[in-house]
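Containing mmCIF, C-alpha atoms: model13.cif.
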```cif
data_model
#
loop_
_atom_site.label_atom_id
_atom_site.label_comp_id
_atom_site.auth_asym_id
_atom_site.auth_seq_id
_atom_site.Cartn_x
_atom_site.Cartn_y
_atom_site.Cartn_z
CA MET A 1009 89.24 72.19 97.82
CA ARG A 1010 92.83 73.46 97.88
CA THR A 1011 94.61 72.45 94.66
CA VAL A 1012 98.38 72.46 94.15
CA LEU A 1013 99.71 71.88 90.63
CA VAL A 1014 103.37 70.84 90.67
CA THR A 1015 105.63 71.41 87.66
CA GLY A 1016 109.10 72.56 86.69
CA PRO A 1017 111.86 72.03 84.13
CA GLY A 1018 112.35 68.42 83.07
CA GLY A 1019 114.42 66.23 85.35
CA ALA A 1020 114.11 68.50 88.38
CA GLY A 1021 112.24 66.02 90.58
CA ARG A 1022 108.65 67.17 90.09
CA THR A 1023 107.10 63.84 91.07
CA THR A 1024 109.23 63.64 94.22
CA VAL A 1025 108.20 67.14 95.32
CA ALA A 1026 104.53 66.44 94.48
CA ALA A 1027 104.61 63.35 96.67
CA ALA A 1028 106.40 65.25 99.47
CA THR A 1029 103.82 68.06 99.23
CA ALA A 1030 100.95 65.56 99.47
CA LEU A 1031 102.51 63.86 102.50
CA ALA A 1032 103.02 67.23 104.20
CA ALA A 1033 99.40 68.22 103.52
CA ALA A 1034 98.15 64.92 104.97
CA ALA A 1035 100.42 65.28 108.01
CA SER A 1036 98.93 68.73 108.66
CA GLY A 1037 95.47 67.14 108.96
CA SER A 1038 94.18 67.67 105.41
CA ARG A 1039 92.51 64.76 103.60
CA THR A 1040 94.62 64.67 100.46
CA LEU A 1041 94.57 63.08 97.01
CA LEU A 1042 97.79 62.85 94.98
CA VAL A 1043 97.46 62.35 91.21
CA SER A 1044 100.49 61.38 89.13
CA ALA A 1045 101.30 59.66 85.85
CA GLU A 1046 104.55 58.33 87.33
CA SER A 1047 105.03 55.47 89.75
CA ILE A 1048 106.24 56.47 93.23
CA PRO A 1049 108.20 54.05 95.44
CA GLY A 1050 106.05 52.82 98.29
CA PHE A 1051 102.82 54.26 96.82
CA PRO A 1052 100.03 52.09 95.30
CA ALA A 1053 100.11 51.97 91.50
CA GLY A 1054 96.37 51.58 90.78
CA THR A 1055 94.35 54.00 88.68
CA GLU A 1056 91.72 54.44 91.41
CA PRO A 1057 92.47 56.29 94.68
CA ALA A 1058 94.14 53.92 97.15
CA PRO A 1059 95.37 54.76 100.67
CA VAL A 1060 99.01 55.64 101.33
CA THR A 1061 98.45 56.88 104.88
CA ASP A 1062 95.33 57.54 106.94
CA ARG A 1063 94.79 60.91 105.23
CA LEU A 1064 96.54 60.45 101.88
CA ASP A 1065 95.31 58.60 98.77
CA HIS A 1066 97.17 58.15 95.50
CA ALA A 1067 95.86 57.53 91.98
CA ARG A 1068 98.07 56.91 88.95
CA ILE A 1069 97.04 58.13 85.49
CA ASP A 1070 97.13 55.41 82.82
CA SER A 1071 96.86 57.30 79.52
CA GLY A 1072 96.83 54.09 77.48
CA GLU A 1073 93.86 52.69 79.35
CA HIS A 1074 92.00 56.00 79.03
CA PHE A 1075 92.69 56.20 75.27
CA ARG A 1076 91.39 52.68 74.64
CA ALA A 1077 88.24 53.27 76.69
CA GLU A 1078 87.45 56.58 74.95
CA LEU A 1079 87.99 55.24 71.42
CA THR A 1080 85.99 52.08 72.13
CA GLU A 1081 83.07 54.20 73.37
CA LEU A 1082 83.35 56.47 70.31
CA GLN A 1083 83.16 53.45 67.98
CA GLN A 1084 80.04 52.23 69.74
CA ARG A 1085 78.31 55.61 69.48
CA ALA A 1086 79.29 56.03 65.82
CA SER A 1087 78.37 52.47 64.88
CA SER A 1088 75.69 53.52 62.38
CA VAL A 1089 78.07 55.79 60.48
CA LEU A 1090 80.87 53.21 60.54
CA ASP A 1091 78.50 50.53 59.21
CA LEU A 1092 77.32 52.86 56.44
CA VAL A 1093 80.83 53.41 55.08
CA GLY A 1094 81.92 49.83 55.69
CA ALA A 1095 84.60 50.71 58.24
CA GLY A 1096 86.13 47.93 60.31
CA ARG A 1097 86.11 48.20 64.09
CA LEU A 1098 89.31 48.34 66.10
CA ASP A 1099 89.58 45.97 69.06
CA GLY A 1100 90.86 47.27 72.37
CA GLU A 1101 93.94 45.04 72.17
CA GLU A 1102 95.10 46.63 68.92
CA LEU A 1103 94.62 50.25 70.00
CA THR A 1104 97.88 52.12 70.59
CA GLU A 1105 97.58 55.54 72.16
CA LEU A 1106 98.30 58.56 69.97
CA PRO A 1107 100.27 61.74 70.74
CA GLY A 1108 98.24 64.00 72.99
CA SER A 1109 96.48 61.18 74.84
CA PRO A 1110 98.46 61.73 78.10
CA GLN A 1111 97.23 65.33 78.21
CA LEU A 1112 93.61 64.31 77.62
CA ALA A 1113 93.90 61.56 80.24
CA LEU A 1114 95.16 64.10 82.78
CA LEU A 1115 92.27 66.48 82.00
CA HIS A 1116 89.83 63.60 82.45
CA THR A 1117 91.41 62.77 85.82
CA LEU A 1118 91.17 66.41 86.93
CA HIS A 1119 87.48 66.35 86.05
CA ARG A 1120 86.95 63.24 88.17
CA ALA A 1121 88.64 64.96 91.11
CA ALA A 1122 86.87 68.30 90.64
CA ALA A 1123 83.31 67.33 89.71
CA GLY A 1124 83.24 63.60 88.95
CA ASP A 1125 83.05 60.46 91.04
CA TRP A 1126 86.20 61.26 93.06
CA ALA A 1127 84.81 64.62 94.16
CA ALA A 1128 82.27 62.82 96.35
CA ALA A 1129 85.10 61.55 98.55
CA GLY A 1130 85.41 65.04 100.02
CA TYR A 1131 89.15 65.65 99.72
CA ASP A 1132 90.46 68.85 101.30
CA THR A 1133 93.62 69.05 99.16
CA LEU A 1134 94.39 67.88 95.64
CA VAL A 1135 98.05 67.63 94.57
CA VAL A 1136 98.66 67.08 90.85
CA ASP A 1137 101.99 66.03 89.37
CA LEU A 1138 102.03 67.87 86.03
CA PRO A 1139 104.32 67.33 82.99
CA PRO A 1140 107.46 69.50 82.53
CA LEU A 1141 106.98 73.25 82.70
CA GLY A 1142 106.45 74.08 79.01
CA GLU A 1143 104.03 71.20 78.48
CA ALA A 1144 102.25 72.03 81.74
CA LEU A 1145 101.50 75.61 80.69
CA ALA A 1146 100.10 74.38 77.37
CA LEU A 1147 98.03 71.77 79.23
CA LEU A 1148 96.55 74.31 81.63
CA ALA A 1149 95.49 76.46 78.66
CA LEU A 1150 93.92 73.49 76.85
CA PRO A 1151 90.42 73.45 78.47
CA GLU A 1152 89.79 77.07 77.50
CA GLN A 1153 91.05 76.43 73.94
CA LEU A 1154 89.08 73.22 73.41
CA ARG A 1155 85.87 74.83 74.65
CA ARG A 1156 86.36 77.63 72.15
CA TYR A 1157 86.81 75.10 69.34
CA LEU A 1158 83.63 73.28 70.38
CA ARG A 1159 81.64 76.54 70.38
CA ARG A 1160 82.87 77.35 66.88
CA LEU A 1161 82.40 73.88 65.39
CA LEU A 1162 79.09 73.07 67.12
CA PRO A 1163 77.54 76.45 67.97
CA ALA A 1164 74.55 77.08 70.19
CA GLU A 1165 72.38 77.51 67.08
CA ARG A 1166 72.57 73.74 66.50
CA GLN A 1167 68.82 73.49 67.28
CA ALA A 1168 68.09 74.96 63.86
CA ALA A 1169 70.62 72.68 62.21
CA ARG A 1170 68.98 69.68 63.90
CA ALA A 1171 65.61 70.56 62.35
CA LEU A 1172 67.14 70.90 58.89
CA ARG A 1173 69.23 67.74 59.13
CA PRO A 1174 66.87 65.46 57.15
CA VAL A 1175 66.64 68.02 54.32
CA LEU A 1176 70.40 68.56 54.26
CA ALA A 1177 70.98 64.82 54.23
CA GLN A 1178 68.84 64.47 51.10
CA LEU A 1179 70.58 67.35 49.35
CA ALA A 1180 74.08 66.19 50.23
CA GLY A 1181 73.45 62.51 49.76
CA VAL A 1182 75.21 61.64 53.02
CA PRO A 1183 73.89 61.47 56.57
CA MET A 1184 74.26 64.59 58.69
CA PRO A 1185 75.89 64.44 62.14
CA ALA A 1186 73.69 62.43 64.45
CA GLN A 1187 72.24 63.61 67.74
CA TRP A 1188 74.89 61.67 69.65
CA LEU A 1189 77.56 64.01 68.26
CA TYR A 1190 75.93 67.07 69.81
CA GLU A 1191 75.29 65.22 73.05
CA ALA A 1192 78.92 64.07 73.17
CA ALA A 1193 80.11 67.64 72.52
CA ALA A 1194 77.88 68.92 75.33
CA ARG A 1195 79.31 66.32 77.73
CA LYS A 1196 82.87 67.22 76.79
CA ASP A 1197 82.16 70.92 77.18
CA GLU A 1198 80.75 70.24 80.66
CA GLU A 1199 83.85 68.25 81.62
CA LEU A 1200 86.20 70.91 80.24
CA ALA A 1201 84.25 73.64 82.04
CA ALA A 1202 84.74 71.84 85.35
CA VAL A 1203 88.49 71.49 84.74
CA GLN A 1204 88.77 75.12 83.66
CA ALA A 1205 86.92 76.18 86.81
CA LEU A 1206 89.39 74.13 88.89
CA ILE A 1207 92.39 75.77 87.20
CA GLU A 1208 90.91 79.27 87.59
CA ASP A 1209 89.69 78.71 91.13
CA GLY A 1210 90.99 81.06 93.80
CA ALA A 1211 92.26 78.09 95.83
CA THR A 1212 94.50 76.76 93.03
CA THR A 1213 98.22 77.54 92.83
CA LEU A 1214 101.29 76.23 91.05
CA ARG A 1215 104.31 74.90 92.90
CA LEU A 1216 107.50 75.16 90.83
CA VAL A 1217 110.38 72.70 91.15
CA ALA A 1218 113.85 73.42 89.74
CA GLU A 1219 117.38 72.21 90.34
CA PRO A 1220 119.54 75.34 90.83
CA GLY A 1221 121.60 76.12 87.74
CA PRO A 1222 121.77 78.31 84.60
CA ALA A 1223 119.29 76.16 82.61
CA ALA A 1224 116.69 76.34 85.35
CA GLU A 1225 117.11 80.11 85.65
CA ASP A 1226 116.40 80.55 81.93
CA ALA A 1227 113.38 78.24 82.04
CA LEU A 1228 111.84 79.98 85.04
CA ARG A 1229 112.46 83.43 83.56
CA THR A 1230 110.56 82.43 80.42
CA ALA A 1231 107.79 80.72 82.36
CA ARG A 1232 107.01 83.85 84.38
CA THR A 1233 105.52 85.43 81.27
CA GLY A 1234 103.36 82.42 80.49
CA LEU A 1235 102.11 82.22 84.07
CA ALA A 1236 101.13 85.90 84.03
CA LEU A 1237 99.43 85.62 80.64
CA HIS A 1238 97.09 82.93 81.96
CA GLY A 1239 96.64 84.52 85.39
CA LEU A 1240 98.25 81.62 87.25
CA ARG A 1241 99.86 82.18 90.64
CA THR A 1242 102.73 80.26 92.23
CA ASP A 1243 102.89 79.63 95.98
CA LEU A 1244 106.42 78.21 96.27
CA LEU A 1245 109.63 77.54 94.36
CA VAL A 1246 111.29 74.33 95.54
CA ALA A 1247 115.02 74.24 94.83
CA SER A 1248 115.63 70.52 94.53
CA ARG A 1249 118.76 68.43 95.12
CA VAL A 1250 120.63 71.21 96.89
CA LEU A 1251 124.19 70.13 97.75
CA PRO A 1252 125.99 70.96 101.00
CA ARG A 1253 127.60 74.39 100.85
CA HIS A 1254 131.08 73.30 101.97
CA SER A 1255 133.10 70.32 100.77
CA SER A 1256 136.78 69.38 100.48
CA ASP A 1257 136.14 67.67 97.12
CA PRO A 1258 137.00 70.22 94.35
CA TRP A 1259 134.51 68.83 91.82
CA PHE A 1260 131.78 68.69 94.44
CA ALA A 1261 132.65 72.17 95.70
CA ASP A 1262 132.46 73.74 92.21
CA LEU A 1263 129.00 72.30 91.62
CA ALA A 1264 127.83 73.45 95.05
CA ALA A 1265 129.20 76.95 94.37
CA GLN A 1266 127.24 77.10 91.09
CA GLN A 1267 124.07 76.12 92.93
CA GLU A 1268 124.74 78.68 95.65
CA LYS A 1269 125.11 81.48 93.09
CA CYS A 1270 121.79 80.53 91.48
CA LEU A 1271 120.05 80.28 94.85
CA ASP A 1272 121.29 83.74 95.81
CA HIS A 1273 119.74 85.11 92.61
CA TRP A 1274 116.43 83.42 93.36
CA HIS A 1275 116.30 84.66 96.94
CA GLN A 1276 117.09 88.23 95.81
CA ASP A 1277 115.02 88.41 92.62
CA LEU A 1278 111.96 86.66 94.01
CA ALA A 1279 112.05 88.14 97.51
CA GLY A 1280 108.57 89.18 98.57
CA ASP A 1281 106.86 87.58 95.55
CA LEU A 1282 107.69 83.89 95.79
CA PRO A 1283 109.15 81.97 98.74
CA VAL A 1284 112.06 79.64 97.94
CA HIS A 1285 112.44 76.33 99.78
CA GLU A 1286 115.75 74.48 99.56
CA ALA A 1287 115.32 70.69 99.51
CA ALA A 1288 118.61 68.97 100.35
CA HIS A 1289 120.10 66.30 98.11
CA LEU A 1290 119.66 62.92 99.82
CA GLY A 1291 122.60 61.37 97.99
CA ARG A 1292 120.18 59.02 96.21
CA ASP A 1293 116.63 58.90 94.89
CA PRO A 1294 113.94 58.86 97.61
CA ARG A 1295 112.86 55.31 98.43
CA SER A 1296 110.22 55.75 101.10
CA ALA A 1297 107.84 58.15 102.80
CA GLU A 1298 110.56 58.85 105.37
CA ASP A 1299 112.88 60.01 102.59
CA LEU A 1300 110.16 62.30 101.24
CA ALA A 1301 109.52 63.74 104.69
CA ALA A 1302 113.26 64.46 105.01
CA LEU A 1303 112.93 66.99 102.17
CA ALA A 1304 110.85 69.13 104.57
CA VAL A 1305 108.65 70.48 101.77
CA PRO A 1306 106.02 72.70 103.44
CA ALA A 1307 102.35 71.87 103.25
CA PRO A 1308 100.18 74.25 101.21
CA ASP A 1309 98.47 76.92 103.28
CA VAL A 1310 94.74 76.31 103.04
CA ARG A 1311 94.10 79.95 103.94
CA GLU A 1312 96.32 81.32 101.19
CA PRO A 1313 94.54 82.78 98.17
CA GLY A 1314 95.36 81.25 94.82
CA ARG A 1315 94.81 82.53 91.31
CA ALA A 1316 93.53 86.06 90.78
CA GLN A 1317 90.04 85.84 89.32
CA ASP A 1318 90.98 88.14 86.45
CA PRO A 1319 94.55 89.38 85.86
CA TRP A 1320 93.33 92.22 83.59
CA TRP A 1321 92.17 95.60 84.78
CA ILE A 1322 90.97 98.81 83.08
CA GLU A 1323 92.44 102.29 83.53
CA GLU A 1324 91.11 105.55 82.12
CA GLU A 1325 93.63 107.85 80.48
CA PRO A 1326 92.73 111.46 79.64
CA GLY A 1327 92.62 112.16 75.90
CA GLU A 1328 94.37 114.96 74.13
CA GLU A 1329 92.68 118.34 73.89
CA GLY A 1330 89.33 117.97 72.21
CA ARG A 1331 89.52 114.18 72.14
CA PRO A 1332 87.65 111.66 74.31
CA SER A 1333 89.32 109.74 77.10
CA VAL A 1334 91.13 106.51 76.30
CA LEU A 1335 90.51 103.25 78.16
CA ALA A 1336 93.60 101.10 78.74
CA TRP A 1337 93.19 97.35 79.24
CA CYS A 1338 96.18 96.34 81.39
CA LEU A 1339 97.91 93.02 81.96
CA PRO A 1340 101.17 92.43 83.89
CA LEU A 1341 103.67 90.47 81.76
CA PRO A 1342 106.96 90.18 83.68
CA GLY A 1343 109.89 89.28 81.45
CA ALA A 1344 108.09 90.08 78.18
CA THR A 1345 109.80 92.12 75.45
CA LYS A 1346 108.24 94.26 72.73
CA GLU A 1347 109.83 92.09 70.04
CA ASP A 1348 107.97 89.01 71.36
CA LEU A 1349 104.54 90.68 71.45
CA ARG A 1350 101.84 90.31 68.82
CA LEU A 1351 98.25 91.48 69.21
CA VAL A 1352 95.29 91.07 66.88
CA ARG A 1353 91.71 92.07 67.60
CA ARG A 1354 89.09 89.92 65.91
CA GLY A 1355 85.56 90.96 66.74
CA GLU A 1356 85.06 90.56 70.48
CA GLU A 1357 88.32 88.64 70.96
CA LEU A 1358 91.93 89.66 71.41
CA LEU A 1359 94.56 87.28 70.04
CA LEU A 1360 97.67 87.73 72.17
CA THR A 1361 101.05 86.11 71.53
CA VAL A 1362 104.00 86.60 73.89
CA GLY A 1363 107.06 84.63 72.81
CA PRO A 1364 106.11 80.94 72.82
CA PHE A 1365 102.82 81.59 74.64
CA HIS A 1366 99.48 82.23 72.97
CA ARG A 1367 96.06 83.08 74.35
CA ILE A 1368 92.74 84.26 72.97
CA VAL A 1369 90.76 86.36 75.44
CA ARG A 1370 87.30 87.85 75.21
CA VAL A 1371 87.44 91.65 75.29
CA ALA A 1372 85.91 93.17 78.42
CA SER A 1373 82.28 94.22 77.88
CA ALA A 1374 83.05 97.89 78.50
CA LEU A 1375 85.56 97.87 75.62
CA ARG A 1376 83.57 96.11 72.91
CA ARG A 1377 82.13 99.42 71.72
CA CYS A 1378 85.63 100.82 71.32
CA THR A 1379 88.31 100.65 68.65
CA VAL A 1380 91.89 99.68 69.42
CA SER A 1381 94.07 102.78 69.18
CA GLY A 1382 97.42 101.35 70.23
CA ALA A 1383 99.35 99.26 72.70
CA ALA A 1384 102.50 99.66 74.77
CA LEU A 1385 104.65 97.56 77.08
CA THR A 1386 106.00 99.65 79.94
CA ASP A 1387 107.44 98.45 83.26
CA ASP A 1388 106.36 94.86 82.50
CA ILE A 1389 102.73 95.92 82.02
CA LEU A 1390 100.97 95.61 78.68
CA ARG A 1391 98.47 98.41 78.06
CA VAL A 1392 96.08 98.00 75.14
CA ARG A 1393 94.42 101.36 74.46
CA PHE A 1394 90.77 101.54 73.37
CA THR A 1395 89.04 104.67 72.07
CA PRO A 1396 85.24 104.83 72.43
CA ASP A 1397 83.45 104.61 69.09
CA PRO A 1398 81.07 107.63 68.91
CA GLY A 1399 78.71 105.63 66.72
CA LEU A 1400 78.28 102.97 69.39
CA TRP A 1401 78.44 104.92 72.65
CA PRO A 1402 75.27 106.72 73.81
CA ARG A 1403 75.24 110.47 73.29
CA THR A 1404 75.27 112.69 76.38
CA PRO A 1405 74.13 116.33 76.64
#
```

Once more with this new file: its structure as structure tokens, please.
Amino acid sequence: MRTVLVTGPGGAGRTTVAAATALAAAASGSRTLLVSAESIPGFPAGTEPAPVTDRLDHARIDSGEHFRAELTELQQRASSVLDLVGAGRLDGEELTELPGSPQLALLHTLHRAAAGDWAAAGYDTLVVDLPPLGEALALLALPEQLRRYLRRLLPAERQAARALRPVLAQLAGVPMPAQWLYEAAARKDEELAAVQALIEDGATTLRLVAEPGPAAEDALRTARTGLALHGLRTDLLVASRVLPRHSSDPWFADLAAQQEKCLDHWHQDLAGDLPVHEAAHLGRDPRSAEDLAALAVPAPDVREPGRAQDPWWIEEEPGEEGRPSVLAWCLPLPGATKEDLRLVRRGEELLLTVGPFHRIVRVASALRRCTVSGAALTDDILRVRFTPDPGLWPRTP
């Protein structure tokens, strides 16, 4: 399944471009599902896929409904513990969603499309309307992070803990976590794994939407680093609400000139790496499928590769005289600066911070028997140098 994740700076028209992308994909013959948390004029507003055209379905994410259903199920599964401590149950009508529930609802929806009940419908293309750019990058990193937390809090050695639970309960005087907790964690890990696989799939790309201007330029420049850190690839930059180039109105002409200057920068700076599509301003918000088609947003190319399977690679650097060779673990980080970089190795993991972005990656197997001997950022490529540990590497004649 070809997946297109649509995001951009706030207020740039992400939902409009997502809907236009989905319509274009359906018009090209692809059976398409559009997922959005926003209502779209002329599109059905139900939370289950409903037809828009012969080849396009739309499903709206209701984070409040998802939050109430999840918490109600949790109360039912934890009923014995709640009864033990005398806790009162919360009715569905009094449940108000908490911060973070929209992100979890979106992850749940992605799971349904990737490996859940919606996957059986056999869609060729999935178009997802993501939150604004900064939130979207954090959301796309969330499955990997949550799975790491689950592995640390409920490790694979839980079989031993399960056997000792009655003894520990007597010693502590309180009941130990019940079997349902481990089963629930396993289900969540399975769901998160499916979403992570969708994000990392070679047929998944991001489509960026930005209204030309100084603020958008700054946001996209910063986002390039975050995209590279997580190995995400963009297939298109849609410049939204582009004004006519020539006008007799001075105020209108100044704004158009500012847009034109920004567009020139994008076409020059991104030439060869990222196509730029200019979507004309309609003079009003789109009201129908015809208005969306007028934006002429291209359909995603089903033959185009998406995310690189692994953005890191290893290079061997000759050591100084009498010293062993050094292995450099390399990662392209366009736009990063040395002042924004922070690296910490902890066991078999590398904790990497680049400005506002943070990621924990597992060190490549060939480097786990090495010690970190330095790091450098040169020509937008981070090189972390590893020196083989003689005590861990096999001796050779």

TODO: Give me the result of the PyMOL selection byres ((chain A and resi 1212) around 9) on this file, residue by residue, as a list in words.
DONE: Met1009, Arg1010, Thr1011, Val1012, Leu1013, Leu1206, Ile1207, Glu1208, Asp1209, Gly1210, Ala1211, Thr1213, Leu1214, Leu1240, Arg1241, Thr1242, Pro1313, Gly1314 and Arg1315 of chain A

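The shortest atom-to-atom distance to A:Arg1367, with only C-alpha atoms taken into account, belongs to A:His1238 out of A:His1238, A:Arg1393, A:Arg1350, A:His1275.
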
TODO: Might you pull out every residue within 12 Å of stretch 1262-1273 of chain A, with all atoms listed in the file counted and same-chain residues fewer than 5 positions away left off, and present them as number ranges by chain?
DONE: A: 1218-1226, 1228-1229, 1245-1257, 1278-1279, 1283-1289

TODO: Might you spell out which residues the PyMOL selection byres ((chain A and resi 1121-1127) around 12) would select in the displayed file, as JSON, numbers by chain?
DONE: {"A": [1009, 1010, 1011, 1040, 1041, 1042, 1043, 1055, 1056, 1057, 1058, 1065, 1066, 1067, 1114, 1115, 1116, 1117, 1118, 1119, 1120, 1128, 1129, 1130, 1131, 1132, 1133, 1134, 1135, 1136, 1198, 1199, 1200, 1201, 1202, 1203, 1204, 1205, 1206, 1207, 1209, 1212]}

Written selection (C-alpha atoms) as a PDB file, in the coordinates of the input:
```
ATOM      1  CA  MET A1009      89.240  72.190  97.820  1.00  0.00           C
ATOM      2  CA  ARG A1010      92.830  73.460  97.880  1.00  0.00           C
ATOM      3  CA  THR A1011      94.610  72.450  94.660  1.00  0.00           C
ATOM      4  CA  THR A1040      94.620  64.670 100.460  1.00  0.00           C
ATOM      5  CA  LEU A1041      94.570  63.080  97.010  1.00  0.00           C
ATOM      6  CA  LEU A1042      97.790  62.850  94.980  1.00  0.00           C
ATOM      7  CA  VAL A1043      97.460  62.350  91.210  1.00  0.00           C
ATOM      8  CA  THR A1055      94.350  54.000  88.680  1.00  0.00           C
ATOM      9  CA  GLU A1056      91.720  54.440  91.410  1.00  0.00           C
ATOM     10  CA  PRO A1057      92.470  56.290  94.680  1.00  0.00           C
ATOM     11  CA  ALA A1058      94.140  53.920  97.150  1.00  0.00           C
ATOM     12  CA  ASP A1065      95.310  58.600  98.770  1.00  0.00           C
ATOM     13  CA  HIS A1066      97.170  58.150  95.500  1.00  0.00           C
ATOM     14  CA  ALA A1067      95.860  57.530  91.980  1.00  0.00           C
ATOM     15  CA  LEU A1114      95.160  64.100  82.780  1.00  0.00           C
ATOM     16  CA  LEU A1115      92.270  66.480  82.000  1.00  0.00           C
ATOM     17  CA  HIS A1116      89.830  63.600  82.450  1.00  0.00           C
ATOM     18  CA  THR A1117      91.410  62.770  85.820  1.00  0.00           C
ATOM     19  CA  LEU A1118      91.170  66.410  86.930  1.00  0.00           C
ATOM     20  CA  HIS A1119      87.480  66.350  86.050  1.00  0.00           C
ATOM     21  CA  ARG A1120      86.950  63.240  88.170  1.00  0.00           C
ATOM     22  CA  ALA A1128      82.270  62.820  96.350  1.00  0.00           C
ATOM     23  CA  ALA A1129      85.100  61.550  98.550  1.00  0.00           C
ATOM     24  CA  GLY A1130      85.410  65.040 100.020  1.00  0.00           C
ATOM     25  CA  TYR A1131      89.150  65.650  99.720  1.00  0.00           C
ATOM     26  CA  ASP A1132      90.460  68.850 101.300  1.00  0.00           C
ATOM     27  CA  THR A1133      93.620  69.050  99.160  1.00  0.00           C
ATOM     28  CA  LEU A1134      94.390  67.880  95.640  1.00  0.00           C
ATOM     29  CA  VAL A1135      98.050  67.630  94.570  1.00  0.00           C
ATOM     30  CA  VAL A1136      98.660  67.080  90.850  1.00  0.00           C
ATOM     31  CA  GLU A1198      80.750  70.240  80.660  1.00  0.00           C
ATOM     32  CA  GLU A1199      83.850  68.250  81.620  1.00  0.00           C
ATOM     33  CA  LEU A1200      86.200  70.910  80.240  1.00  0.00           C
ATOM     34  CA  ALA A1201      84.250  73.640  82.040  1.00  0.00           C
ATOM     35  CA  ALA A1202      84.740  71.840  85.350  1.00  0.00           C
ATOM     36  CA  VAL A1203      88.490  71.490  84.740  1.00  0.00           C
ATOM     37  CA  GLN A1204      88.770  75.120  83.660  1.00  0.00           C
ATOM     38  CA  ALA A1205      86.920  76.180  86.810  1.00  0.00           C
ATOM     39  CA  LEU A1206      89.390  74.130  88.890  1.00  0.00           C
ATOM     40  CA  ILE A1207      92.390  75.770  87.200  1.00  0.00           C
ATOM     41  CA  ASP A1209      89.690  78.710  91.130  1.00  0.00           C
ATOM     42  CA  THR A1212      94.500  76.760  93.030  1.00  0.00           C
TER      43      THR A1212
END
```

Output as AutoDock Vina command-line options the centre and edge lengths (Å, one decimal) of the box along x, y and z of the file that holds every listed atom of stretch 1061-1073 of chain A after adding 5 Å on each side.
```
--center_x 96.2 --center_y 56.8 --center_z 92.2 --size_x 14.6 --size_y 18.2 --size_z 39.5
```

Task: Interatomic distance, atom CA of A:Glu1356 to atom CA of A:Val1371 (Å, one decimal) - done: 5.5 Å

Task: Two-atom distance - atom CA of A:Leu1303, atom CA of A:Glu1046 (Å) - done: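 Interatomic distance, atom CA of A:Leu1303 to atom CA of A:Glu1046: 19.1 Å.
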
Task: Point-to-point distance from atom CA of A:Arg1039 to atom CA of A:Pro1308, Å rounded to tenths - done: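 Distance between the two atoms: 12.4 Å.
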
TODO: Can you pull out every residue within 10 Å of A:Pro1396, counting only C-alpha atoms, but drop anything in the same chain fewer than 5 positions away, and send it as a list of chain:residue names?
DONE: A:Pro1332, A:Ser1333, A:Val1334, A:Leu1335, A:Ala1374, A:Leu1375, A:Arg1376, A:Arg1377, A:Cys1378, A:Thr1379, A:Val1380, A:Ser1381, A:Trp1401

- [ ] Output the residue selection produced by the PyMOL selection byres ((chain A and resi 1336) around 7) on the file above, formatted as a PyMOL selection string.
- [x] chain A and resi 1322-1325+1334-1335+1337-1338+1391-1394

TODO: Find the spatial neighbours of A:Pro1110, counting all atoms listed in the file, within a cut-off of 10 Å - ignore same-chain residues fewer than 6 positions away - and output them as JSON, numbers by chain.
DONE: {"A": [1045, 1069, 1070, 1071, 1072, 1074, 1075, 1116, 1139]}

TODO: Please provide the set of residues having any atom within 10 Å of A:Leu1358, restricted to all atoms listed in the file, with same-chain residues fewer than 5 positions apart removed, written as an NGL selection string.
DONE: :A and (1351-1353 or 1367-1372)

- [ ] Would you mind telling me which residue in A:Ala1146, A:Leu1079, A:Leu1064, A:Val1025 lies nearest to A:Ala1231 when using all atoms listed in the file?
- [x]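 Of A:Ala1146, A:Leu1079, A:Leu1064, A:Val1025, the one nearest A:Ala1231 is A:Ala1146, counting all atoms listed in the file.
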
TODO: Would you mind telling me which residue in A:Ala1053, A:Ala1302, A:Ala1149, A:Leu1154 lies nearest to A:Thr1024 when using all atoms listed in the file?
DONE: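 Among the listed residues, A:Ala1302 lies closest to A:Thr1024.
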
- [ ] Counting all atoms listed in the file, note down every residue that has an atom within 7 Å of the point (105.0, 72.5, 89.7) (file coordinates), as a list in words.
- [x]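 The requested residues, written out, are Leu1013, Val1014, Thr1015, Gly1016, Arg1022, Leu1138, Leu1214, Arg1215, Leu1216 and Val1217 of chain A.
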